[in-house]
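Printed here is query-v2.txt (compact mmCIF, C-alpha atoms):
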```
# COMPACT_ATOMS: atom_id res chain seq x y z
CA MET A 22 81.54 90.51 225.26
CA ASN A 23 80.06 87.60 227.17
CA GLY A 24 82.15 88.46 230.21
CA ILE A 25 82.15 87.44 233.84
CA HIS A 26 81.45 91.11 234.71
CA ASP A 27 77.97 90.85 233.16
CA MET A 28 76.38 89.49 236.32
CA GLY A 29 72.80 90.70 236.27
CA GLY A 30 70.46 87.81 237.06
CA MET A 31 73.15 85.20 237.85
CA HIS A 32 72.28 82.64 240.50
CA GLY A 33 74.47 81.33 243.28
CA PHE A 34 76.17 84.35 244.85
CA GLY A 35 74.29 84.20 248.16
CA PRO A 36 73.09 86.91 250.54
CA VAL A 37 74.38 90.49 250.39
CA ARG A 38 76.76 90.99 253.30
CA ARG A 39 77.28 94.39 254.84
CA GLU A 40 80.03 95.76 257.01
CA GLU A 41 79.11 98.05 259.89
CA ASN A 42 80.98 101.37 260.00
CA GLU A 43 82.80 100.54 256.82
CA PRO A 44 85.86 102.76 256.20
CA VAL A 45 86.14 104.64 252.88
CA PHE A 46 89.30 102.66 252.14
CA HIS A 47 90.18 99.33 253.76
CA ALA A 48 93.90 99.82 253.19
CA ARG A 49 96.11 102.73 252.19
CA TRP A 50 96.93 101.19 248.80
CA GLU A 51 93.25 101.33 247.76
CA GLY A 52 93.26 105.13 247.94
CA ARG A 53 96.54 105.26 246.00
CA VAL A 54 94.98 103.12 243.24
CA LEU A 55 92.00 105.47 243.07
CA GLY A 56 94.33 108.48 242.82
CA ILE A 57 96.47 106.89 240.10
CA THR A 58 93.30 106.08 238.15
CA ARG A 59 92.09 109.65 238.48
CA ALA A 60 95.47 110.99 237.31
CA CYS A 61 95.34 108.72 234.24
CA SER A 62 91.81 109.72 233.34
CA VAL A 63 92.26 113.51 233.64
CA GLN A 64 95.40 113.25 231.47
CA HIS A 65 93.40 111.21 228.91
CA ILE A 66 95.72 108.23 229.17
CA PHE A 67 92.60 106.10 228.98
CA ASN A 68 88.92 106.89 228.73
CA ILE A 69 86.10 105.50 230.89
CA ASP A 70 85.05 102.93 228.29
CA GLU A 71 88.57 101.60 227.68
CA SER A 72 88.90 101.49 231.42
CA ARG A 73 85.74 99.41 231.95
CA HIS A 74 86.62 97.12 229.06
CA ALA A 75 90.09 96.50 230.53
CA ILE A 76 88.44 95.19 233.71
CA GLU A 77 86.09 93.03 231.62
CA ARG A 78 89.10 91.51 229.88
CA MET A 79 90.53 90.19 233.13
CA GLU A 80 90.73 86.41 233.15
CA PRO A 81 87.32 85.41 234.61
CA VAL A 82 88.64 83.29 237.47
CA GLU A 83 91.01 86.11 238.47
CA TYR A 84 88.11 88.58 238.29
CA LEU A 85 86.10 86.53 240.76
CA LYS A 86 89.07 86.12 243.10
CA SER A 87 89.86 89.84 243.23
CA SER A 88 88.54 92.67 245.33
CA TYR A 89 87.24 95.84 243.67
CA TYR A 90 90.45 97.84 243.97
CA GLU A 91 92.52 94.85 242.90
CA ARG A 92 90.52 94.85 239.68
CA TRP A 93 91.26 98.57 239.37
CA LEU A 94 94.97 97.93 239.89
CA ASP A 95 94.94 95.14 237.32
CA ARG A 96 93.16 97.49 234.89
CA ASN A 97 95.64 100.33 235.45
CA ILE A 98 98.66 98.11 234.89
CA ARG A 99 97.06 96.41 231.86
CA LEU A 100 96.25 99.72 230.13
CA LEU A 101 99.53 101.45 231.01
CA VAL A 102 101.40 98.46 229.55
CA GLU A 103 99.20 98.29 226.44
CA LYS A 104 99.66 102.02 225.85
CA GLY A 105 103.44 101.70 226.15
CA ILE A 106 103.77 103.87 229.26
CA ILE A 107 105.25 101.17 231.48
CA THR A 108 106.40 97.57 231.06
CA ARG A 109 105.67 94.69 233.40
CA GLU A 110 109.43 94.09 233.77
CA GLU A 111 109.93 97.70 234.83
CA LEU A 112 107.20 97.30 237.46
CA GLU A 113 108.77 94.10 238.84
CA ARG A 114 112.16 95.83 238.97
CA ARG A 115 110.70 98.77 240.85
CA MET A 116 109.06 96.42 243.34
CA ALA A 117 112.44 94.82 243.97
CA GLN A 118 114.10 98.22 244.39
CA LEU A 119 111.47 99.32 246.89
CA THR A 120 111.91 96.09 248.83
CA SER A 121 115.58 96.86 249.23
CA GLY A 122 114.58 100.17 250.75
CA LYS A 123 115.10 102.99 248.29
CA ASP A 124 112.61 104.73 245.99
CA PRO A 125 114.68 105.84 242.97
CA ALA A 126 111.94 108.19 241.66
CA PRO A 127 112.87 111.84 242.11
CA PRO A 128 110.04 113.73 243.85
CA HIS A 129 107.63 115.36 241.42
CA SER A 130 105.17 118.09 242.25
CA ASP A 131 102.34 119.22 239.96
CA ALA A 132 99.80 121.63 241.42
CA LYS A 133 97.89 121.81 238.13
CA LEU A 134 97.43 118.05 238.03
CA ALA A 135 96.12 118.09 241.59
CA GLU A 136 93.61 120.79 240.61
CA ARG A 137 92.46 118.82 237.58
CA MET A 138 92.03 115.67 239.67
CA MET A 139 89.98 117.52 242.26
CA ARG A 140 87.82 119.23 239.65
CA VAL A 141 86.37 115.90 238.55
CA THR A 142 84.34 115.84 241.76
CA LYS A 143 82.78 119.20 240.82
CA ASP A 144 82.64 119.33 237.02
CA ARG A 145 80.90 116.85 234.82
CA THR A 146 83.02 114.93 232.36
CA PRO A 147 81.35 115.74 229.03
CA TYR A 148 79.89 112.37 228.06
CA ARG A 149 76.86 114.21 226.70
CA GLN A 150 77.82 115.24 223.16
CA PRO A 151 75.91 116.43 220.11
CA GLY A 152 74.51 113.68 217.91
CA PRO A 153 71.67 112.83 215.53
CA ALA A 154 68.07 113.39 216.66
CA PRO A 155 66.56 110.48 218.60
CA ARG A 156 64.51 108.00 216.60
CA PHE A 157 62.32 106.89 219.51
CA ALA A 158 60.03 108.81 221.87
CA VAL A 159 58.63 108.13 225.33
CA GLY A 160 56.07 105.32 225.14
CA ASP A 161 57.60 103.65 222.06
CA ARG A 162 57.88 99.89 222.22
CA ILE A 163 61.30 98.55 221.30
CA LEU A 164 63.09 95.24 221.01
CA THR A 165 66.73 95.03 222.09
CA ARG A 166 69.15 93.46 219.63
CA HIS A 167 70.06 89.87 220.20
CA ASP A 168 73.77 89.98 219.64
CA ALA A 169 76.94 88.76 221.33
CA PRO A 170 79.58 91.34 220.39
CA VAL A 171 83.17 90.36 221.17
CA GLY A 172 84.00 93.90 222.37
CA HIS A 173 82.69 96.29 224.99
CA THR A 174 78.96 96.90 225.26
CA ARG A 175 76.57 98.29 227.87
CA LEU A 176 73.60 96.17 226.88
CA PRO A 177 73.57 93.58 229.64
CA ARG A 178 73.24 89.95 228.57
CA TYR A 179 70.03 89.50 230.57
CA ALA A 180 68.33 92.15 228.41
CA ARG A 181 69.30 90.92 224.94
CA GLY A 182 66.47 90.27 222.50
CA LYS A 183 63.87 91.59 224.98
CA PRO A 184 60.84 93.85 224.44
CA GLY A 185 60.68 97.05 226.47
CA VAL A 186 59.19 100.54 226.55
CA VAL A 187 61.04 103.86 226.33
CA VAL A 188 60.36 105.83 229.52
CA ARG A 189 62.82 108.69 229.04
CA VAL A 190 64.92 110.18 226.26
CA HIS A 191 68.17 111.25 227.92
CA GLY A 192 69.77 113.05 224.96
CA THR A 193 72.85 112.07 222.97
CA PHE A 194 75.86 110.49 224.66
CA ILE A 195 79.26 109.09 223.67
CA PHE A 196 78.82 105.46 222.51
CA PRO A 197 80.85 103.11 224.73
CA ASP A 198 80.95 100.28 222.17
CA THR A 199 83.11 102.38 219.83
CA ASN A 200 84.82 104.68 222.36
CA ALA A 201 86.28 101.64 224.16
CA HIS A 202 88.03 100.53 220.98
CA GLY A 203 89.52 103.71 219.53
CA GLN A 204 86.67 103.91 217.00
CA GLY A 205 85.50 107.37 217.99
CA GLU A 206 82.77 108.76 220.17
CA GLN A 207 79.90 108.24 217.69
CA SER A 208 77.51 109.99 220.10
CA HIS A 209 73.84 109.19 219.65
CA ALA A 210 70.58 108.89 221.54
CA LEU A 211 70.42 107.26 224.95
CA TYR A 212 67.11 106.12 226.45
CA SER A 213 65.82 104.74 229.70
CA VAL A 214 63.98 101.55 228.76
CA ARG A 215 61.62 99.67 231.07
CA PHE A 216 61.41 95.87 230.97
CA ASP A 217 58.76 93.91 232.82
CA GLY A 218 60.15 91.31 235.19
CA ASP A 219 58.51 88.32 233.47
CA VAL A 220 60.06 89.33 230.14
CA LEU A 221 63.51 89.10 231.74
CA TRP A 222 63.12 86.26 234.21
CA GLY A 223 60.09 84.26 233.08
CA THR A 224 57.91 82.56 235.65
CA SER A 225 60.44 83.06 238.47
CA ALA A 226 60.18 86.88 238.23
CA GLU A 227 59.01 88.75 241.29
CA PRO A 228 55.72 90.55 240.58
CA ARG A 229 55.70 94.34 240.13
CA ALA A 230 59.45 94.67 239.77
CA PRO A 231 60.29 96.25 236.39
CA VAL A 232 63.94 96.86 235.52
CA HIS A 233 65.03 100.07 233.80
CA ILE A 234 68.25 100.13 231.79
CA ASP A 235 69.93 103.06 230.01
CA LEU A 236 70.40 101.90 226.43
CA TRP A 237 71.81 103.47 223.28
CA GLU A 238 69.70 103.59 220.14
CA ARG A 239 71.99 101.18 218.29
CA TYR A 240 70.96 98.48 220.77
CA LEU A 241 67.30 98.94 219.86
CA ASP A 242 64.89 98.10 217.06
CA PRO A 243 61.26 99.14 216.87
CA ALA A 244 59.00 96.40 218.20
CA THR A 245 56.71 95.93 215.23
CA PRO A 246 53.64 93.85 215.95
CA ALA A 247 53.77 90.45 214.27
CA ARG A 248 51.90 90.68 210.99
CA SER A 249 50.52 88.07 208.69
CA THR A 250 52.50 87.89 205.43
CA THR A 251 49.57 86.70 203.37
CA MET B 8 93.14 99.63 259.30
CA SER B 9 95.10 97.15 257.19
CA GLY B 10 96.12 95.13 260.25
CA SER B 11 92.67 93.71 260.87
CA HIS B 12 91.92 93.54 257.18
CA ASP B 13 92.72 89.91 256.48
CA ALA B 14 90.59 88.85 259.41
CA HIS B 15 87.40 90.23 257.94
CA ASP B 16 88.07 89.50 254.27
CA HIS B 17 86.12 86.32 254.36
CA GLU B 18 83.21 87.79 256.23
CA HIS B 19 82.58 90.33 253.49
CA GLY B 20 83.43 88.46 250.31
CA HIS B 21 86.30 90.89 249.95
CA HIS B 22 88.88 88.48 248.61
CA HIS B 23 92.41 89.24 247.56
CA ARG B 24 94.47 87.49 244.94
CA GLU B 25 97.76 88.12 246.65
CA PRO B 26 98.86 89.03 250.17
CA GLU B 27 98.16 92.55 251.35
CA SER B 28 101.89 93.30 251.65
CA GLN B 29 102.52 92.31 248.03
CA LEU B 30 99.57 94.36 246.81
CA SER B 31 100.75 97.36 248.73
CA LEU B 32 104.24 96.97 247.28
CA ARG B 33 102.90 96.67 243.72
CA VAL B 34 100.88 99.86 244.13
CA ARG B 35 103.86 101.73 245.60
CA ALA B 36 105.97 100.59 242.65
CA LEU B 37 103.33 101.72 240.16
CA GLU B 38 103.05 105.11 241.83
CA SER B 39 106.84 105.46 241.90
CA LEU B 40 107.11 104.70 238.15
CA LEU B 41 104.38 107.20 237.30
CA VAL B 42 105.93 109.88 239.52
CA GLU B 43 109.25 109.29 237.73
CA LYS B 44 107.46 109.74 234.39
CA LYS B 45 105.81 112.90 235.74
CA LEU B 46 102.31 111.49 235.20
CA VAL B 47 101.46 111.39 238.89
CA ALA B 48 102.19 113.71 241.79
CA SER B 49 101.91 112.03 245.17
CA GLU B 50 100.43 115.07 246.90
CA ALA B 51 97.67 115.13 244.29
CA ILE B 52 96.74 111.59 245.33
CA ASP B 53 96.90 112.63 248.99
CA ARG B 54 94.39 115.40 248.25
CA ILE B 55 91.88 113.23 246.41
CA VAL B 56 92.07 110.52 249.09
CA ALA B 57 91.50 113.12 251.82
CA ALA B 58 88.58 114.59 249.88
CA TYR B 59 86.84 111.21 249.75
CA GLU B 60 87.66 110.42 253.36
CA GLU B 61 86.59 113.80 254.75
CA ASP B 62 84.42 115.91 252.42
CA ILE B 63 82.57 113.88 249.83
CA GLY B 64 79.95 111.69 251.46
CA PRO B 65 76.23 111.00 251.91
CA HIS B 66 75.76 114.27 253.82
CA ASN B 67 75.90 116.03 250.43
CA GLY B 68 73.10 113.96 248.90
CA ALA B 69 71.14 114.30 252.15
CA LYS B 70 71.11 118.10 251.72
CA VAL B 71 69.62 117.68 248.25
CA VAL B 72 66.92 115.33 249.57
CA ALA B 73 66.00 117.56 252.52
CA HIS B 74 65.79 120.60 250.25
CA ALA B 75 63.45 118.72 247.90
CA TRP B 76 61.26 117.77 250.89
CA VAL B 77 60.77 121.36 252.04
CA ASP B 78 60.61 123.09 248.66
CA PRO B 79 58.07 121.57 246.23
CA ALA B 80 59.28 123.72 243.31
CA TYR B 81 62.84 122.48 243.89
CA ARG B 82 61.55 118.91 244.04
CA GLN B 83 59.97 119.39 240.59
CA ARG B 84 63.20 120.80 239.19
CA LEU B 85 65.21 117.97 240.75
CA LEU B 86 63.01 115.29 239.18
CA ALA B 87 62.93 117.07 235.80
CA ASP B 88 66.67 117.80 235.57
CA GLY B 89 68.72 116.43 238.46
CA THR B 90 71.99 117.63 236.97
CA ALA B 91 70.93 121.29 236.94
CA ALA B 92 69.09 121.09 240.26
CA ILE B 93 72.08 119.84 242.26
CA GLU B 94 74.23 122.55 240.71
CA GLU B 95 71.87 125.09 242.30
CA LEU B 96 73.05 123.74 245.67
CA GLY B 97 76.71 123.81 244.67
CA PHE B 98 77.09 120.11 243.84
CA GLY B 99 78.16 118.67 240.52
CA GLY B 100 80.53 116.28 238.84
CA VAL B 101 77.72 114.02 237.69
CA ASP B 102 74.89 113.76 235.18
CA LEU B 103 72.12 112.88 237.60
CA GLN B 104 68.74 111.23 237.31
CA VAL B 105 66.61 111.40 240.46
CA VAL B 106 63.85 108.82 240.97
CA GLU B 107 61.17 109.43 243.56
CA ASN B 108 59.63 107.04 246.06
CA ALA B 109 55.92 107.51 246.73
CA PRO B 110 53.14 105.45 248.28
CA GLY B 111 53.09 102.25 246.21
CA VAL B 112 56.40 102.99 244.43
CA HIS B 113 59.90 102.16 245.66
CA ASN B 114 63.10 102.66 243.65
CA LEU B 115 66.30 100.63 243.86
CA VAL B 116 69.64 101.44 242.19
CA VAL B 117 72.25 98.93 241.04
CA CYS B 118 74.99 98.63 238.42
CA THR B 119 75.12 95.04 237.21
CA LEU B 120 78.00 95.54 234.75
CA CYS B 121 80.45 97.36 237.03
CA SER B 122 79.69 99.58 240.03
CA CYS B 123 78.41 102.96 238.76
CA TYR B 124 77.39 105.11 241.69
CA PRO B 125 76.84 108.86 242.27
CA HIS B 126 80.24 109.46 244.01
CA ALA B 127 80.06 113.22 243.79
CA LEU B 128 76.88 113.29 245.88
CA ILE B 129 77.15 110.35 248.27
CA GLY B 130 80.84 109.40 248.30
CA LEU B 131 82.49 106.16 247.26
CA PRO B 132 80.30 103.04 247.21
CA PRO B 133 80.37 100.55 250.09
CA VAL B 134 81.79 97.09 249.37
CA TRP B 135 78.33 95.48 249.32
CA TYR B 136 77.19 97.75 246.45
CA LYS B 137 80.18 96.51 244.41
CA SER B 138 79.69 92.89 245.46
CA PHE B 139 78.80 90.07 243.08
CA GLU B 140 75.88 89.25 245.40
CA TYR B 141 74.21 92.65 245.02
CA ARG B 142 75.05 93.11 241.33
CA SER B 143 73.70 89.70 240.34
CA ARG B 144 70.57 89.63 242.50
CA ALA B 145 69.16 93.16 242.78
CA VAL B 146 67.67 93.01 239.27
CA ARG B 147 66.20 89.51 239.60
CA GLU B 148 64.98 89.28 243.19
CA PRO B 149 64.79 92.80 244.61
CA ARG B 150 62.29 91.84 247.34
CA VAL B 151 64.57 89.15 248.69
CA VAL B 152 67.53 91.54 248.60
CA LEU B 153 65.53 94.29 250.32
CA HIS B 154 64.48 91.81 252.99
CA GLU B 155 68.18 91.15 253.67
CA PHE B 156 68.50 94.90 254.29
CA GLY B 157 65.56 94.77 256.69
CA VAL B 158 63.11 96.40 254.28
CA ASP B 159 59.80 94.60 253.72
CA LEU B 160 57.49 96.55 251.42
CA PRO B 161 53.76 95.94 250.95
CA GLU B 162 53.08 93.28 248.33
CA ASN B 163 51.35 95.72 245.99
CA THR B 164 54.26 98.22 246.02
CA GLU B 165 56.00 98.41 242.66
CA ILE B 166 59.76 98.13 242.93
CA ARG B 167 61.44 100.02 240.11
CA ILE B 168 64.98 98.86 239.60
CA TRP B 169 67.46 101.14 237.83
CA ASP B 170 70.47 99.36 236.31
CA SER B 171 72.98 102.22 235.82
CA SER B 172 74.46 101.20 232.50
CA ALA B 173 75.39 104.65 231.09
CA GLU B 174 77.08 107.91 232.10
CA LEU B 175 74.11 108.96 234.19
CA ARG B 176 73.93 108.30 237.88
CA TYR B 177 70.83 107.50 239.85
CA LEU B 178 69.76 108.85 243.21
CA VAL B 179 66.60 107.84 245.05
CA LEU B 180 64.50 110.62 246.56
CA PRO B 181 63.08 108.80 249.58
CA GLU B 182 59.67 109.52 251.12
CA ARG B 183 59.71 112.07 253.91
CA PRO B 184 58.74 110.23 257.09
CA ALA B 185 55.56 111.14 258.96
CA GLY B 186 55.90 113.30 262.07
CA THR B 187 58.73 115.44 260.69
CA GLU B 188 56.62 118.54 259.90
CA ARG B 189 58.33 120.63 262.58
CA LEU B 190 61.88 119.70 261.67
CA SER B 191 64.18 122.22 260.02
CA GLU B 192 65.90 121.42 256.74
CA PRO B 193 69.26 120.60 258.43
CA GLU B 194 67.43 118.37 260.93
CA LEU B 195 65.70 116.58 258.06
CA ALA B 196 69.03 116.12 256.26
CA LYS B 197 70.36 114.27 259.31
CA LEU B 198 67.66 111.62 258.90
CA VAL B 199 68.63 110.81 255.30
CA THR B 200 71.01 107.87 255.00
CA ARG B 201 73.23 106.69 252.16
CA ASP B 202 71.25 103.45 251.96
CA ALA B 203 67.96 105.35 251.57
CA MET B 204 69.43 107.23 248.58
CA ILE B 205 70.41 103.91 246.95
CA GLY B 206 66.99 102.46 247.74
CA VAL B 207 67.96 99.68 250.18
CA ALA B 208 66.45 101.55 253.14
CA VAL B 209 63.57 103.87 253.90
CA VAL B 210 64.04 107.06 255.94
CA LYS B 211 62.88 106.55 259.51
CA PRO B 212 61.23 109.23 261.64
CA PRO B 213 63.51 110.78 264.30
CA ALA B 214 62.33 108.61 267.21
CA ALA B 215 62.96 105.42 265.25
CA ALA B 216 66.24 106.73 263.86
CA ALA B 217 67.50 107.43 267.39
CA ARG B 218 66.78 103.91 268.60
```
File written out as structure tokens:
Amino acid sequence: MNGIHDMGGMHGFGPVRREENEPVFHARWEGRVLGITRACSVQHIFNIDESRHAIERMEPVEYLKSSYYERWLDRNIRLLVEKGIITREELERRMAQLTSGKDPAPPHSDAKLAERMMRVTKDRTPYRQPGPAPRFAVGDRILTRHDAPVGHTRLPRYARGKPGVVVRVHGTFIFPDTNAHGQGEQSHALYSVRFDGDVLWGTSAEPRAPVHIDLWERYLDPATPARSTT
Amino acid sequence: MSGSHDAHDHEHGHHHREPESQLSLRVRALESLLVEKKLVASEAIDRIVAAYEEDIGPHNGAKVVAHAWVDPAYRQRLLADGTAAIEELGFGGVDLQVVENAPGVHNLVVCTLCSCYPHALIGLPPVWYKSFEYRSRAVREPRVVLHEFGVDLPENTEIRIWDSSAELRYLVLPERPAGTERLSEPELAKLVTRDAMIGVAVVKPPAAAAR
């Protein structure tokens, strides 16, 4: 989708500002949001691609106004509502109950869940899955598709319809464009593709600054040299 | 922590849609509902938060870098298959691609579409990495961005930008600074910063690092 999240190359955001001795979390609630997200993902309530797409679907002005963990919170609520696990009314009611001082939820302990949540920091989530043999090899020249899909995609807007060169064949990975929409994993080849700066940014490109993007084969066509039709 | 938070929001582009107290209440309510539905256990959240606050941080990635500096065969394995090579050192949780700085080549990592970052090796990303400023500009004007971080590379150095768009995470293997031949591997690891492993810093020799 042509979303506000797709920011590569945008002008106007100003200098990068850093915070000295930045804490891991700026407020307690940020850590709780991270933990809730982790609990949802290990229990397969939503997958990584649905999760990213839910953030992309935030109203663009709200997206820009929100901090990172606010976008995560918005995503968690949005997906839990869409999947029928909670309702927005229920959440408002619980907020009111907590304001009046009492948490009606009975305590719940789950050692296995805690273990599963911790394991994610040690074990890879299996995004690498068997799929058809790659069509391209290192050194092949490709052209990215020029398309504006309404759904989730990982081909950034700034790299649509651009020529590039395959620099690495990563193997076969779950395809986000289908996995985000309940259309299956459809795993296939993923490549690292190099784009020269001037191809992406024209005359304003900085010299000697190629951009590499990890792109699925379905985003790519072979770059055939222009041929005379006569 | 949260008390001084509003004061520095504006300094760091770290805006909030609603007041901190309301946000905190909304999150508590969400957690409460999920605990009631037995989908969340609060002590499990406590554990993951503590792990990120105390155990999982740049010191892990720094060990990988220092090991690659002292062991050329490990360096080769790390560049060829980062995922397997970090598992040798007891790290994991990530499909990893390591990119190496060298004379004339500097690497810079960004995620323009969201904020992909090698958590398992260097902890949770700082706010600037997730900022609209960094995400929009690192791919288009890396030299200007690096200058803002105090890094000015020679004009003929190639800057390779890696936009992490898939389920692979990128880690920069920085150049080992001159004058560190006598340092032990743990001493070398202490020189390696988070920013150097993202590519917005270079590793300084010990004298400069101490200043």
**Message:** Between B:Asn108, B:Asn114, B:Ser172, B:Gln29, which residue has the minimum interatomic distance to A:Leu119, considering all atoms listed in the file?
**Reply:**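 Among the listed residues, B:Gln29 lies closest to A:Leu119.
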For stretch 127-133 of chain B: contacts at 10 Å, only C-alpha atoms, fewer than 2 positions along chain excluded, given as a CSV table (one decimal) with C-alpha atoms, keeping the file's coordinate frame:
```csv
chain,number,residue,atom,x,y,z
A,39,ARG,CA,77.3,94.4,254.8
A,40,GLU,CA,80.0,95.8,257.0
A,42,ASN,CA,81.0,101.4,260.0
A,43,GLU,CA,82.8,100.5,256.8
A,44,PRO,CA,85.9,102.8,256.2
A,45,VAL,CA,86.1,104.6,252.9
A,46,PHE,CA,89.3,102.7,252.1
A,141,VAL,CA,86.4,115.9,238.6
A,142,THR,CA,84.3,115.8,241.8
A,143,LYS,CA,82.8,119.2,240.8
A,144,ASP,CA,82.6,119.3,237.0
A,145,ARG,CA,80.9,116.8,234.8
B,58,ALA,CA,88.6,114.6,249.9
B,59,TYR,CA,86.8,111.2,249.8
B,60,GLU,CA,87.7,110.4,253.4
B,61,GLU,CA,86.6,113.8,254.8
B,62,ASP,CA,84.4,115.9,252.4
B,63,ILE,CA,82.6,113.9,249.8
B,64,GLY,CA,80.0,111.7,251.5
B,65,PRO,CA,76.2,111.0,251.9
B,66,HIS,CA,75.8,114.3,253.8
B,67,ASN,CA,75.9,116.0,250.4
B,68,GLY,CA,73.1,114.0,248.9
B,69,ALA,CA,71.1,114.3,252.2
B,70,LYS,CA,71.1,118.1,251.7
B,71,VAL,CA,69.6,117.7,248.2
B,93,ILE,CA,72.1,119.8,242.3
B,98,PHE,CA,77.1,120.1,243.8
B,99,GLY,CA,78.2,118.7,240.5
B,100,GLY,CA,80.5,116.3,238.8
B,101,VAL,CA,77.7,114.0,237.7
B,103,LEU,CA,72.1,112.9,237.6
B,122,SER,CA,79.7,99.6,240.0
B,123,CYS,CA,78.4,103.0,238.8
B,124,TYR,CA,77.4,105.1,241.7
B,125,PRO,CA,76.8,108.9,242.3
B,135,TRP,CA,78.3,95.5,249.3
B,136,TYR,CA,77.2,97.8,246.4
B,137,LYS,CA,80.2,96.5,244.4
B,138,SER,CA,79.7,92.9,245.5
B,176,ARG,CA,73.9,108.3,237.9
B,178,LEU,CA,69.8,108.8,243.2
B,200,THR,CA,71.0,107.9,255.0
B,201,ARG,CA,73.2,106.7,252.2
B,202,ASP,CA,71.2,103.4,252.0
B,204,MET,CA,69.4,107.2,248.6
B,205,ILE,CA,70.4,103.9,247.0
```
Please report as a PDB file with C-alpha atoms, in the coordinates of the input which residues of chain B come no farther than 7 Å from chain A, using all atoms listed in the file.
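selection-v8.pdb, written as the output of this step:
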```pdb
ATOM      1  CA  MET B   8      93.140  99.630 259.300  1.00  0.00           C
ATOM      2  CA  SER B   9      95.100  97.150 257.190  1.00  0.00           C
ATOM      3  CA  HIS B  12      91.920  93.540 257.180  1.00  0.00           C
ATOM      4  CA  HIS B  19      82.580  90.330 253.490  1.00  0.00           C
ATOM      5  CA  HIS B  21      86.300  90.890 249.950  1.00  0.00           C
ATOM      6  CA  HIS B  22      88.880  88.480 248.610  1.00  0.00           C
ATOM      7  CA  HIS B  23      92.410  89.240 247.560  1.00  0.00           C
ATOM      8  CA  ARG B  24      94.470  87.490 244.940  1.00  0.00           C
ATOM      9  CA  SER B  31     100.750  97.360 248.730  1.00  0.00           C
ATOM     10  CA  LEU B  32     104.240  96.970 247.280  1.00  0.00           C
ATOM     11  CA  ARG B  33     102.900  96.670 243.720  1.00  0.00           C
ATOM     12  CA  VAL B  34     100.880  99.860 244.130  1.00  0.00           C
ATOM     13  CA  ALA B  36     105.970 100.590 242.650  1.00  0.00           C
ATOM     14  CA  LEU B  37     103.330 101.720 240.160  1.00  0.00           C
ATOM     15  CA  SER B  39     106.840 105.460 241.900  1.00  0.00           C
ATOM     16  CA  LEU B  40     107.110 104.700 238.150  1.00  0.00           C
ATOM     17  CA  VAL B  42     105.930 109.880 239.520  1.00  0.00           C
ATOM     18  CA  GLU B  43     109.250 109.290 237.730  1.00  0.00           C
ATOM     19  CA  LYS B  45     105.810 112.900 235.740  1.00  0.00           C
ATOM     20  CA  VAL B  47     101.460 111.390 238.890  1.00  0.00           C
ATOM     21  CA  ALA B  48     102.190 113.710 241.790  1.00  0.00           C
ATOM     22  CA  ALA B  51      97.670 115.130 244.290  1.00  0.00           C
ATOM     23  CA  ILE B  52      96.740 111.590 245.330  1.00  0.00           C
ATOM     24  CA  ILE B  55      91.880 113.230 246.410  1.00  0.00           C
ATOM     25  CA  VAL B  56      92.070 110.520 249.090  1.00  0.00           C
ATOM     26  CA  GLU B  60      87.660 110.420 253.360  1.00  0.00           C
ATOM     27  CA  PHE B  98      77.090 120.110 243.840  1.00  0.00           C
ATOM     28  CA  GLY B  99      78.160 118.670 240.520  1.00  0.00           C
ATOM     29  CA  GLY B 100      80.530 116.280 238.840  1.00  0.00           C
ATOM     30  CA  VAL B 101      77.720 114.020 237.690  1.00  0.00           C
ATOM     31  CA  ASP B 102      74.890 113.760 235.180  1.00  0.00           C
ATOM     32  CA  THR B 119      75.120  95.040 237.210  1.00  0.00           C
ATOM     33  CA  LEU B 120      78.000  95.540 234.750  1.00  0.00           C
ATOM     34  CA  CYS B 121      80.450  97.360 237.030  1.00  0.00           C
ATOM     35  CA  ALA B 127      80.060 113.220 243.790  1.00  0.00           C
ATOM     36  CA  LEU B 131      82.490 106.160 247.260  1.00  0.00           C
ATOM     37  CA  TRP B 135      78.330  95.480 249.320  1.00  0.00           C
ATOM     38  CA  PHE B 139      78.800  90.070 243.080  1.00  0.00           C
ATOM     39  CA  GLU B 140      75.880  89.250 245.400  1.00  0.00           C
ATOM     40  CA  TYR B 141      74.210  92.650 245.020  1.00  0.00           C
ATOM     41  CA  ARG B 142      75.050  93.110 241.330  1.00  0.00           C
ATOM     42  CA  SER B 143      73.700  89.700 240.340  1.00  0.00           C
ATOM     43  CA  ARG B 144      70.570  89.630 242.500  1.00  0.00           C
ATOM     44  CA  VAL B 146      67.670  93.010 239.270  1.00  0.00           C
ATOM     45  CA  ARG B 147      66.200  89.510 239.600  1.00  0.00           C
ATOM     46  CA  GLU B 148      64.980  89.280 243.190  1.00  0.00           C
ATOM     47  CA  GLU B 165      56.000  98.410 242.660  1.00  0.00           C
ATOM     48  CA  ILE B 166      59.760  98.130 242.930  1.00  0.00           C
ATOM     49  CA  ARG B 167      61.440 100.020 240.110  1.00  0.00           C
ATOM     50  CA  ILE B 168      64.980  98.860 239.600  1.00  0.00           C
ATOM     51  CA  TRP B 169      67.460 101.140 237.830  1.00  0.00           C
ATOM     52  CA  ASP B 170      70.470  99.360 236.310  1.00  0.00           C
ATOM     53  CA  SER B 171      72.980 102.220 235.820  1.00  0.00           C
ATOM     54  CA  SER B 172      74.460 101.200 232.500  1.00  0.00           C
ATOM     55  CA  ALA B 173      75.390 104.650 231.090  1.00  0.00           C
ATOM     56  CA  GLU B 174      77.080 107.910 232.100  1.00  0.00           C
TER      57      GLU B 174
END
```
**Asked** Rounded to one decimal in Å, what is the spacing between atom CA of B:Asn163 and atom CA of B:Leu86?
**Response**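 Distance reported for this atom pair: 23.8 Å.
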